[in-house]
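Structure file start-v1.cif; described as mmCIF, C-alpha atoms and all ligand atoms.
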data_structure
#
loop_
_atom_site.group_PDB
_atom_site.id
_atom_site.type_symbol
_atom_site.label_atom_id
_atom_site.label_comp_id
_atom_site.auth_asym_id
_atom_site.auth_seq_id
_atom_site.Cartn_x
_atom_site.Cartn_y
_atom_site.Cartn_z
ATOM 1 C CA MET A 1 -48.682 -100.064 -166.023
ATOM 2 C CA LEU A 2 -51.298 -99.125 -168.583
ATOM 3 C CA ASN A 3 -50.323 -97.997 -172.040
ATOM 4 C CA ASP A 4 -52.109 -96.507 -175.023
ATOM 5 C CA TYR A 5 -52.202 -99.748 -176.941
ATOM 6 C CA LEU A 6 -53.952 -101.840 -174.310
ATOM 7 C CA GLU A 7 -57.746 -102.052 -174.272
ATOM 8 C CA PHE A 8 -59.276 -103.677 -171.214
ATOM 9 C CA LEU A 9 -62.649 -105.364 -170.952
ATOM 10 C CA PRO A 10 -64.422 -103.281 -168.246
ATOM 11 C CA GLN A 11 -64.674 -106.258 -165.847
ATOM 12 C CA VAL A 12 -60.963 -106.926 -166.164
ATOM 13 C CA ALA A 13 -60.036 -103.275 -165.630
ATOM 14 C CA GLU A 14 -62.207 -103.210 -162.487
ATOM 15 C CA ALA A 15 -60.601 -106.371 -161.153
ATOM 16 C CA ILE A 16 -57.111 -104.983 -161.730
ATOM 17 C CA ASP A 17 -58.058 -101.660 -160.114
ATOM 18 C CA ARG A 18 -59.395 -103.461 -157.047
ATOM 19 C CA GLY A 19 -56.369 -105.728 -156.833
ATOM 20 C CA GLN A 20 -58.448 -108.844 -157.510
ATOM 21 C CA PRO A 21 -56.791 -111.818 -159.204
ATOM 22 C CA VAL A 22 -56.964 -112.052 -162.996
ATOM 23 C CA LEU A 23 -55.989 -115.030 -165.136
ATOM 24 C CA ALA A 24 -54.681 -114.442 -168.651
ATOM 25 C CA LEU A 25 -55.651 -116.885 -171.428
ATOM 26 C CA GLU A 26 -54.059 -117.140 -174.857
ATOM 27 C CA SER A 27 -56.087 -117.125 -178.072
ATOM 28 C CA THR A 28 -54.089 -118.945 -180.757
ATOM 29 C CA ILE A 29 -55.567 -122.085 -179.303
ATOM 30 C CA ILE A 30 -59.001 -120.665 -180.279
ATOM 31 C CA ALA A 31 -58.215 -119.353 -183.745
ATOM 32 C CA HIS A 32 -55.591 -121.857 -184.895
ATOM 33 C CA GLY A 33 -55.370 -124.689 -182.361
ATOM 34 C CA MET A 34 -58.899 -126.122 -182.455
ATOM 35 C CA PRO A 35 -61.663 -126.372 -185.061
ATOM 36 C CA TYR A 36 -64.946 -124.430 -184.969
ATOM 37 C CA PRO A 37 -67.275 -124.730 -183.011
ATOM 38 C CA GLN A 38 -65.349 -126.605 -180.301
ATOM 39 C CA ASN A 39 -62.865 -123.722 -180.147
ATOM 40 C CA VAL A 40 -65.511 -121.142 -179.247
ATOM 41 C CA GLU A 41 -67.244 -123.517 -176.827
ATOM 42 C CA THR A 42 -63.915 -124.191 -175.115
ATOM 43 C CA ALA A 43 -63.034 -120.492 -174.947
ATOM 44 C CA ARG A 44 -66.329 -119.862 -173.117
ATOM 45 C CA GLU A 45 -66.029 -122.923 -170.913
ATOM 46 C CA VAL A 46 -62.562 -121.979 -169.682
ATOM 47 C CA GLU A 47 -63.725 -118.449 -168.857
ATOM 48 C CA SER A 48 -66.470 -119.928 -166.734
ATOM 49 C CA ILE A 49 -64.038 -122.334 -165.009
ATOM 50 C CA ALA A 50 -61.809 -119.356 -164.210
ATOM 51 C CA ARG A 51 -64.742 -117.486 -162.620
ATOM 52 C CA GLN A 52 -65.847 -120.557 -160.627
ATOM 53 C CA ASN A 53 -62.347 -120.678 -159.180
ATOM 54 C CA GLY A 54 -62.256 -117.083 -158.053
ATOM 55 C CA VAL A 55 -60.583 -115.095 -160.832
ATOM 56 C CA ILE A 56 -61.627 -112.808 -163.658
ATOM 57 C CA PRO A 57 -60.515 -114.306 -166.995
ATOM 58 C CA ALA A 58 -58.757 -112.132 -169.557
ATOM 59 C CA THR A 59 -58.466 -113.758 -172.958
ATOM 60 C CA LEU A 60 -55.773 -111.895 -174.907
ATOM 61 C CA ALA A 61 -55.832 -111.026 -178.621
ATOM 62 C CA ILE A 62 -55.061 -108.198 -181.032
ATOM 63 C CA LEU A 63 -58.195 -106.721 -182.605
ATOM 64 C CA GLY A 64 -58.144 -103.715 -184.895
ATOM 65 C CA GLY A 65 -54.623 -103.065 -183.729
ATOM 66 C CA LYS A 66 -55.569 -102.902 -180.037
ATOM 67 C CA LEU A 67 -53.992 -105.247 -177.520
ATOM 68 C CA LYS A 68 -57.174 -106.635 -176.000
ATOM 69 C CA VAL A 69 -57.086 -107.667 -172.371
ATOM 70 C CA GLY A 70 -60.326 -109.622 -172.029
ATOM 71 C CA LEU A 71 -62.784 -110.308 -174.815
ATOM 72 C CA ASN A 72 -66.567 -110.031 -174.987
ATOM 73 C CA ASP A 73 -68.817 -112.721 -176.490
ATOM 74 C CA LYS A 74 -68.805 -111.221 -179.963
ATOM 75 C CA GLU A 75 -65.036 -110.961 -180.000
ATOM 76 C CA ILE A 76 -64.653 -114.604 -178.943
ATOM 77 C CA ASP A 77 -66.998 -115.635 -181.777
ATOM 78 C CA PHE A 78 -65.010 -113.554 -184.224
ATOM 79 C CA LEU A 79 -61.716 -115.133 -183.166
ATOM 80 C CA GLY A 80 -63.292 -118.570 -183.443
ATOM 81 C CA SER A 81 -64.216 -117.913 -187.067
ATOM 82 C CA GLY A 82 -60.484 -117.620 -187.757
ATOM 83 C CA GLU A 83 -61.223 -115.245 -190.654
ATOM 84 C CA GLY A 84 -58.620 -112.582 -191.238
ATOM 85 C CA ILE A 85 -56.933 -113.497 -187.980
ATOM 86 C CA SER A 86 -53.258 -114.229 -188.181
ATOM 87 C CA LYS A 87 -51.285 -116.250 -185.677
ATOM 88 C CA ALA A 88 -49.464 -113.544 -183.774
ATOM 89 C CA SER A 89 -46.187 -114.106 -182.022
ATOM 90 C CA SER A 90 -44.430 -111.340 -180.125
ATOM 91 C CA ARG A 91 -42.566 -110.103 -183.190
ATOM 92 C CA ASP A 92 -45.868 -109.566 -185.021
ATOM 93 C CA LEU A 93 -47.261 -107.168 -182.409
ATOM 94 C CA PRO A 94 -45.779 -103.924 -183.825
ATOM 95 C CA PHE A 95 -46.957 -104.778 -187.356
ATOM 96 C CA LEU A 96 -50.503 -105.646 -186.254
ATOM 97 C CA VAL A 97 -50.791 -102.598 -183.999
ATOM 98 C CA ALA A 98 -49.429 -100.105 -186.527
ATOM 99 C CA ASN A 99 -51.682 -101.435 -189.293
ATOM 100 C CA LYS A 100 -54.774 -101.919 -187.072
ATOM 101 C CA LEU A 101 -55.003 -105.638 -187.882
ATOM 102 C CA ASN A 102 -56.260 -108.713 -186.031
ATOM 103 C CA GLY A 103 -54.245 -111.514 -184.545
ATOM 104 C CA ALA A 104 -54.642 -114.423 -182.174
ATOM 105 C CA ALA A 105 -51.965 -114.290 -179.491
ATOM 106 C CA THR A 106 -49.588 -117.231 -179.088
ATOM 107 C CA VAL A 107 -48.070 -117.923 -175.691
ATOM 108 C CA ALA A 108 -45.148 -115.669 -176.693
ATOM 109 C CA ALA A 109 -47.389 -112.706 -177.537
ATOM 110 C CA SER A 110 -49.698 -113.441 -174.609
ATOM 111 C CA VAL A 111 -47.013 -113.307 -171.938
ATOM 112 C CA ARG A 112 -45.859 -109.969 -173.354
ATOM 113 C CA ILE A 113 -49.390 -108.532 -173.317
ATOM 114 C CA ALA A 114 -50.095 -109.983 -169.852
ATOM 115 C CA ALA A 115 -46.890 -108.401 -168.547
ATOM 116 C CA MET A 116 -47.873 -104.998 -169.998
ATOM 117 C CA ALA A 117 -51.256 -105.362 -168.299
ATOM 118 C CA GLY A 118 -49.739 -106.402 -164.969
ATOM 119 C CA ILE A 119 -51.252 -109.916 -165.011
ATOM 120 C CA LYS A 120 -49.032 -112.491 -163.334
ATOM 121 C CA VAL A 121 -50.486 -115.867 -164.324
ATOM 122 C CA MET A 122 -51.510 -117.303 -167.676
ATOM 123 C CA ALA A 123 -52.989 -120.664 -168.649
ATOM 124 C CA THR A 124 -52.749 -122.456 -171.970
ATOM 125 C CA GLY A 125 -52.780 -125.978 -173.389
ATOM 126 C CA GLY A 126 -49.213 -126.687 -174.376
ATOM 127 C CA ILE A 127 -46.290 -124.361 -174.901
ATOM 128 C CA GLY A 128 -44.216 -124.226 -178.047
ATOM 129 C CA GLY A 129 -40.664 -125.519 -177.778
ATOM 130 C CA VAL A 130 -37.683 -126.847 -179.645
ATOM 131 C CA HIS A 131 -38.907 -128.736 -182.709
ATOM 132 C CA ARG A 132 -37.540 -132.112 -183.692
ATOM 133 C CA GLY A 133 -34.733 -131.544 -186.164
ATOM 134 C CA ALA A 134 -34.073 -128.045 -184.778
ATOM 135 C CA GLU A 135 -30.336 -128.647 -185.202
ATOM 136 C CA LYS A 136 -31.036 -128.264 -188.932
ATOM 137 C CA THR A 137 -34.150 -126.061 -189.082
ATOM 138 C CA PHE A 138 -33.463 -123.780 -186.077
ATOM 139 C CA ASP A 139 -37.203 -124.024 -185.356
ATOM 140 C CA ILE A 140 -37.465 -123.024 -181.709
ATOM 141 C CA SER A 141 -40.690 -121.401 -180.563
ATOM 142 C CA ALA A 142 -40.525 -117.772 -179.485
ATOM 143 C CA ASP A 143 -42.602 -118.917 -176.499
ATOM 144 C CA LEU A 144 -39.398 -119.911 -174.706
ATOM 145 C CA PRO A 145 -37.417 -116.639 -174.872
ATOM 146 C CA GLU A 146 -40.565 -114.612 -174.236
ATOM 147 C CA ILE A 147 -41.330 -116.553 -171.049
ATOM 148 C CA ALA A 148 -37.726 -115.850 -170.029
ATOM 149 C CA ARG A 149 -38.339 -112.104 -170.516
ATOM 150 C CA SER A 150 -41.833 -111.610 -169.097
ATOM 151 C CA ASP A 151 -42.782 -111.874 -165.427
ATOM 152 C CA VAL A 152 -45.711 -114.204 -166.051
ATOM 153 C CA ALA A 153 -46.154 -117.772 -164.818
ATOM 154 C CA VAL A 154 -47.462 -120.145 -167.492
ATOM 155 C CA VAL A 155 -49.574 -123.168 -166.595
ATOM 156 C CA CYS A 156 -49.482 -125.787 -169.345
ATOM 157 C CA ALA A 157 -49.734 -129.554 -169.837
ATOM 158 C CA GLY A 158 -46.065 -129.719 -170.814
ATOM 159 C CA ALA A 159 -45.169 -129.762 -174.464
ATOM 160 C CA LYS A 160 -46.487 -131.898 -177.250
ATOM 161 C CA SER A 161 -44.396 -134.792 -178.503
ATOM 162 C CA ILE A 162 -44.369 -133.145 -181.945
ATOM 163 C CA LEU A 163 -41.486 -131.296 -180.238
ATOM 164 C CA ASP A 164 -38.130 -132.533 -179.028
ATOM 165 C CA ILE A 165 -38.956 -132.524 -175.332
ATOM 166 C CA GLY A 166 -35.399 -133.249 -174.191
ATOM 167 C CA LEU A 167 -34.023 -130.284 -176.133
ATOM 168 C CA THR A 168 -36.912 -128.109 -174.980
ATOM 169 C CA LEU A 169 -36.000 -128.832 -171.348
ATOM 170 C CA GLU A 170 -32.337 -128.062 -172.071
ATOM 171 C CA TYR A 171 -33.269 -124.761 -173.668
ATOM 172 C CA LEU A 172 -35.470 -123.820 -170.727
ATOM 173 C CA GLU A 173 -32.503 -124.433 -168.447
ATOM 174 C CA THR A 174 -30.272 -122.232 -170.612
ATOM 175 C CA LEU A 175 -32.841 -119.444 -170.416
ATOM 176 C CA GLY A 176 -33.054 -119.729 -166.637
ATOM 177 C CA ILE A 177 -36.749 -120.535 -166.619
ATOM 178 C CA PRO A 178 -37.870 -122.534 -163.570
ATOM 179 C CA VAL A 179 -39.907 -125.620 -164.512
ATOM 180 C CA ALA A 180 -42.145 -127.186 -161.897
ATOM 181 C CA GLY A 181 -44.032 -130.441 -162.292
ATOM 182 C CA TYR A 182 -47.332 -130.061 -160.483
ATOM 183 C CA GLN A 183 -47.849 -133.179 -158.386
ATOM 184 C CA THR A 184 -45.619 -135.137 -160.747
ATOM 185 C CA ASP A 185 -41.975 -136.180 -161.152
ATOM 186 C CA HIS A 186 -42.341 -136.384 -164.935
ATOM 187 C CA PHE A 187 -42.535 -133.625 -167.497
ATOM 188 C CA PRO A 188 -45.913 -134.191 -169.162
ATOM 189 C CA ALA A 189 -46.299 -134.650 -172.922
ATOM 190 C CA PHE A 190 -49.612 -132.845 -173.448
ATOM 191 C CA PHE A 191 -51.924 -135.742 -174.446
ATOM 192 C CA THR A 192 -50.099 -138.095 -172.079
ATOM 193 C CA ARG A 193 -48.874 -137.676 -168.506
ATOM 194 C CA ASN A 194 -45.288 -138.788 -168.909
ATOM 195 C CA SER A 195 -42.843 -137.728 -171.625
ATOM 196 C CA GLY A 196 -40.130 -139.984 -170.224
ATOM 197 C CA PHE A 197 -38.239 -136.913 -168.957
ATOM 198 C CA GLU A 198 -38.053 -135.879 -165.318
ATOM 199 C CA VAL A 199 -39.021 -132.414 -164.161
ATOM 200 C CA PRO A 200 -36.281 -130.329 -162.544
ATOM 201 C CA GLN A 201 -38.573 -129.595 -159.554
ATOM 202 C CA ARG A 202 -41.691 -131.272 -158.264
ATOM 203 C CA VAL A 203 -44.218 -129.037 -156.493
ATOM 204 C CA ASP A 204 -47.247 -130.495 -154.746
ATOM 205 C CA SER A 205 -49.294 -127.469 -153.721
ATOM 206 C CA VAL A 206 -50.557 -124.167 -155.038
ATOM 207 C CA GLU A 207 -49.177 -122.473 -151.906
ATOM 208 C CA GLU A 208 -45.672 -123.664 -152.757
ATOM 209 C CA LEU A 209 -46.009 -122.520 -156.380
ATOM 210 C CA ALA A 210 -47.105 -119.065 -155.269
ATOM 211 C CA GLY A 211 -44.247 -118.910 -152.752
ATOM 212 C CA ILE A 212 -41.703 -119.704 -155.480
ATOM 213 C CA LEU A 213 -43.067 -116.957 -157.722
ATOM 214 C CA LYS A 214 -43.129 -114.438 -154.902
ATOM 215 C CA ALA A 215 -39.497 -115.237 -154.062
ATOM 216 C CA LYS A 216 -38.434 -115.094 -157.713
ATOM 217 C CA TRP A 217 -39.886 -111.681 -158.350
ATOM 218 C CA ALA A 218 -38.919 -110.309 -154.954
ATOM 219 C CA MET A 219 -35.285 -111.054 -155.863
ATOM 220 C CA ASN A 220 -35.836 -109.275 -159.180
ATOM 221 C CA LEU A 221 -35.136 -112.471 -161.103
ATOM 222 C CA LYS A 222 -36.828 -111.521 -164.346
ATOM 223 C CA GLY A 223 -39.071 -113.768 -166.341
ATOM 224 C CA GLY A 224 -41.730 -116.344 -165.757
ATOM 225 C CA MET A 225 -41.964 -119.945 -164.761
ATOM 226 C CA ILE A 226 -43.436 -123.025 -166.337
ATOM 227 C CA ILE A 227 -45.895 -125.015 -164.319
ATOM 228 C CA ALA A 228 -46.317 -128.378 -166.000
ATOM 229 C CA ASN A 229 -49.683 -129.832 -165.068
ATOM 230 C CA PRO A 230 -50.323 -133.312 -166.447
ATOM 231 C CA ILE A 231 -53.620 -134.151 -168.142
ATOM 232 C CA PRO A 232 -55.953 -136.049 -165.746
ATOM 233 C CA LYS A 233 -55.456 -139.804 -166.125
ATOM 234 C CA GLU A 234 -59.003 -140.471 -167.310
ATOM 235 C CA HIS A 235 -58.552 -138.090 -170.250
ATOM 236 C CA GLU A 236 -55.140 -139.260 -171.458
ATOM 237 C CA LEU A 237 -54.845 -140.360 -175.067
ATOM 238 C CA PRO A 238 -53.717 -144.001 -175.306
ATOM 239 C CA LEU A 239 -49.921 -143.845 -175.727
ATOM 240 C CA LYS A 240 -49.874 -145.928 -178.885
ATOM 241 C CA MET A 241 -52.551 -143.762 -180.519
ATOM 242 C CA ALA A 242 -50.676 -140.574 -179.610
ATOM 243 C CA GLU A 243 -47.368 -141.912 -180.932
ATOM 244 C CA THR A 244 -48.755 -143.281 -184.200
ATOM 245 C CA ALA A 245 -50.643 -140.092 -185.001
ATOM 246 C CA THR A 246 -47.688 -137.885 -184.070
ATOM 247 C CA SER A 247 -45.185 -139.708 -186.264
ATOM 248 C CA GLN A 248 -47.615 -139.822 -189.182
ATOM 249 C CA ALA A 249 -48.305 -136.083 -188.844
ATOM 250 C CA LEU A 250 -44.576 -135.309 -188.656
ATOM 251 C CA GLN A 251 -43.955 -137.340 -191.783
ATOM 252 C CA GLU A 252 -46.689 -135.435 -193.664
ATOM 253 C CA LEU A 253 -45.215 -132.138 -192.456
ATOM 254 C CA GLU A 254 -41.897 -133.033 -193.989
ATOM 255 C CA GLU A 255 -43.383 -134.418 -197.232
ATOM 256 C CA GLN A 256 -45.471 -131.280 -197.728
ATOM 257 C CA GLY A 257 -42.579 -128.983 -196.827
ATOM 258 C CA ILE A 258 -44.602 -127.052 -194.257
ATOM 259 C CA LYS A 259 -42.419 -124.749 -192.161
ATOM 260 C CA GLY A 260 -42.420 -121.807 -189.788
ATOM 261 C CA LYS A 261 -45.552 -120.616 -188.050
ATOM 262 C CA ALA A 262 -47.775 -122.973 -190.069
ATOM 263 C CA ALA A 263 -46.068 -126.055 -188.605
ATOM 264 C CA THR A 264 -47.798 -126.246 -185.211
ATOM 265 C CA PRO A 265 -51.387 -125.659 -186.478
ATOM 266 C CA PHE A 266 -50.825 -128.210 -189.275
ATOM 267 C CA LEU A 267 -49.591 -130.870 -186.859
ATOM 268 C CA LEU A 268 -52.462 -130.225 -184.428
ATOM 269 C CA SER A 269 -55.141 -130.568 -187.082
ATOM 270 C CA ARG A 270 -53.564 -133.684 -188.631
ATOM 271 C CA ILE A 271 -53.293 -135.368 -185.226
ATOM 272 C CA GLU A 272 -56.947 -134.569 -184.608
ATOM 273 C CA ALA A 273 -57.989 -136.153 -187.915
ATOM 274 C CA LEU A 274 -55.723 -139.177 -187.431
ATOM 275 C CA THR A 275 -57.132 -139.871 -183.947
ATOM 276 C CA LYS A 276 -60.712 -139.323 -185.182
ATOM 277 C CA GLY A 277 -61.232 -136.427 -182.807
ATOM 278 C CA GLU A 278 -59.883 -138.192 -179.706
ATOM 279 C CA SER A 279 -56.950 -135.774 -179.460
ATOM 280 C CA LEU A 280 -59.328 -132.813 -179.519
ATOM 281 C CA ARG A 281 -61.325 -134.253 -176.613
ATOM 282 C CA SER A 282 -58.112 -134.688 -174.619
ATOM 283 C CA ASN A 283 -56.961 -131.223 -175.637
ATOM 284 C CA ILE A 284 -60.131 -129.603 -174.296
ATOM 285 C CA LYS A 285 -59.901 -131.504 -170.988
ATOM 286 C CA LEU A 286 -56.288 -130.570 -170.385
ATOM 287 C CA VAL A 287 -56.920 -126.897 -171.093
ATOM 288 C CA CYS A 288 -59.781 -126.892 -168.575
ATOM 289 C CA ASN A 289 -57.499 -128.578 -166.044
ATOM 290 C CA ASN A 290 -54.795 -125.944 -166.589
ATOM 291 C CA VAL A 291 -57.228 -123.061 -166.279
ATOM 292 C CA LYS A 292 -58.439 -124.383 -162.939
ATOM 293 C CA LEU A 293 -54.887 -124.641 -161.577
ATOM 294 C CA GLY A 294 -53.989 -121.237 -163.059
ATOM 295 C CA ALA A 295 -56.992 -119.672 -161.324
ATOM 296 C CA LEU A 296 -56.128 -121.191 -157.948
ATOM 297 C CA LEU A 297 -52.539 -120.018 -158.347
ATOM 298 C CA ALA A 298 -53.570 -116.465 -159.301
ATOM 299 C CA VAL A 299 -55.793 -116.309 -156.209
ATOM 300 C CA GLU A 300 -53.027 -117.546 -153.904
ATOM 301 C CA LEU A 301 -50.370 -115.311 -155.437
ATOM 302 C CA SER A 302 -52.599 -112.276 -155.075
ATOM 303 C CA ARG A 303 -53.327 -113.247 -151.432
ATOM 304 C CA ILE A 304 -49.660 -113.502 -150.424
ATOM 305 C CA THR A 305 -48.421 -110.491 -152.370
ATOM 306 C CA SER A 306 -51.128 -107.915 -151.627
HETATM 307 N N1 LIG B 1 -49.348 -126.251 -178.637
HETATM 308 C C1 LIG B 1 -50.577 -126.782 -178.586
HETATM 309 N N2 LIG B 1 -51.651 -126.069 -179.037
HETATM 310 C C2 LIG B 1 -51.506 -124.805 -179.517
HETATM 311 C C3 LIG B 1 -50.203 -124.241 -179.540
HETATM 312 C C4 LIG B 1 -49.157 -124.995 -179.099
HETATM 313 O O1 LIG B 1 -50.720 -127.896 -178.155
HETATM 314 O O2 LIG B 1 -52.498 -124.194 -179.920
HETATM 315 C C5 LIG B 1 -50.021 -122.834 -180.006
HETATM 316 C C6 LIG B 1 -49.756 -121.911 -178.797
HETATM 317 O O3 LIG B 1 -50.409 -120.691 -179.013
HETATM 318 C C7 LIG B 1 -48.252 -121.714 -178.850
HETATM 319 C C8 LIG B 1 -47.999 -121.740 -180.346
HETATM 320 O O4 LIG B 1 -47.834 -120.512 -178.256
HETATM 321 O O5 LIG B 1 -48.879 -122.748 -180.836
HETATM 322 C C9 LIG B 1 -46.565 -122.057 -180.676
HETATM 323 O O6 LIG B 1 -46.385 -121.906 -182.037
HETATM 324 P P1 LIG B 1 -44.923 -122.004 -182.675
HETATM 325 O O7 LIG B 1 -44.523 -123.443 -182.516
HETATM 326 O O8 LIG B 1 -45.099 -121.601 -184.112
HETATM 327 O O9 LIG B 1 -44.068 -121.067 -181.892
HETATM 328 MN MN MN B 2 -41.567 -122.215 -185.040
#

Just give me the structure of the file as structure tokens.
Amino acid sequence: MLNDYLEFLPQVAEAIDRGQPVLALESTIIAHGMPYPQNVETAREVESIARQNGVIPATLAILGGKLKVGLNDKEIDFLGSGEGISKASSRDLPFLVANKLNGAATVAASVRIAAMAGIKVMATGGIGGVHRGAEKTFDISADLPEIARSDVAVVCAGAKSILDIGLTLEYLETLGIPVAGYQTDHFPAFFTRNSGFEVPQRVDSVEELAGILKAKWAMNLKGGMIIANPIPKEHELPLKMAETATSQALQELEEQGIKGKAATPFLLSRIEALTKGESLRSNIKLVCNNVKLGALLAVELSRITS
């Protein structure tokens, strides 16, 4: 289970040794998904929500070439500064490790690190997906194939409407990744509860989610699952505001010719500016909501599998 490249925070190592539930958290959201200081505040808040709900949090990142499983206060501050910290997808891991560099882990890199560490559940804000215009650009997030490969369940608020949600759902089907809507019939669109697309499966309880994961892995069906947890109603962004800001941001992306790994962080920060910070407030609330569900799921999964 352990390998030479992993470095565990002592608390996390103890929890894993004792068979206690651990919840993995990604870190691109800290370094590249939110501005300072809200990013660092949110990183701390979600760790405390995880603890309140019965799990030890393990924020994942690459620091000095080590795959960190759990970060201390100083390391969270450092990630929040964003200085000298690249956005690391799974393909960047060998480069960062060999050269002893720093990186914030995307969902793709995080599920790989979580799987190496033996952690079964991860929470994030939104996953990457198939970008609009992917038929020309081929821009499809590595999050999708990596979730198909790693035995880690990912709790998210769906995918942002900067993506082509219909194509993202098609691609998830191709990859054989189960997608469950938590207490909803609709695949959520990050800032809003309903993307206009149905979820393949609706699941209403944490017990059922855990049962599905147990069955999946017991049958040796490799890979994770997406648990789409809509943002609480009171924190939704007004639909019109979300749509206007998204289309404006997409237009600027095209005009400025921004591509590749810079695309998602650019769109996030433009949407934040265009909504005068409203999108950031929603973003923080939905992450907290996902961490709570992820914690409850990790507890239940550990109960029925140990
Ligand atoms: N979606 C968000 N916020 C984020 C991300 C996605 O709403 O911070 C980050 C996640 O870390 C995700 C990554 O794994 O962006 C996807 O990037 P790309 O589209 O370049 O694969
Ligand atoms: Mn991409």

Explicit residues for the PyMOL selection byres (((chain A and resi 227) around 7) and not hetatm) (as a compact mmCIF listing (two decimals) with C-alpha atoms, in the frame of the given file):
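Saved as expr-v3.txt:
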# COMPACT_ATOMS: atom_id res chain seq x y z
CA VAL A 154 -47.46 -120.14 -167.49
CA VAL A 155 -49.57 -123.17 -166.60
CA CYS A 156 -49.48 -125.79 -169.34
CA VAL A 179 -39.91 -125.62 -164.51
CA ALA A 180 -42.14 -127.19 -161.90
CA GLY A 181 -44.03 -130.44 -162.29
CA TYR A 182 -47.33 -130.06 -160.48
CA MET A 225 -41.96 -119.94 -164.76
CA ILE A 226 -43.44 -123.02 -166.34
CA ALA A 228 -46.32 -128.38 -166.00
CA ASN A 229 -49.68 -129.83 -165.07

**Study point:** Radius query 10 Å about (-59.9, -109.4, -161.7), atoms used: all atoms listed in the file, as number ranges by chain
**Key:** A: 11-23, 51, 54-58, 119, 298-299

Review point. Expressed in Å to a single decimal, how great is the separation between CA of Glu278 in chain A and CA of Gln38 in chain A?
Key: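 Going from CA of Glu278 in chain A over to CA of Gln38 in chain A, I get 12.8 Å.
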
**Study point:** Given 12 Å and all atoms listed in the file, residues near ligand MN 2 (chain B) as a PyMOL selection string
**Key:** chain A and resi 87-89+106+108+127-134+137-144+162-163+258-267

Exercise for review: Enumerate, as a ChimeraX atom specification, the residues matched when the PyMOL selection byres (((chain A and resi 147) around 8) and not hetatm) is run on the file above.
Suggested key: /A:108,111,143-146,148-154,177,223-225

Exercise for review: Give the answer as one residue: which of A:Ser302, A:Gln256, A:Ser279, A:Thr192 has the shortest atom-to-atom distance to Gly33 in chain A, using all atoms listed in the file?
Suggested key: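 Of A:Ser302, A:Gln256, A:Ser279, A:Thr192, the one nearest Gly33 in chain A is A:Ser279, counting all atoms listed in the file.
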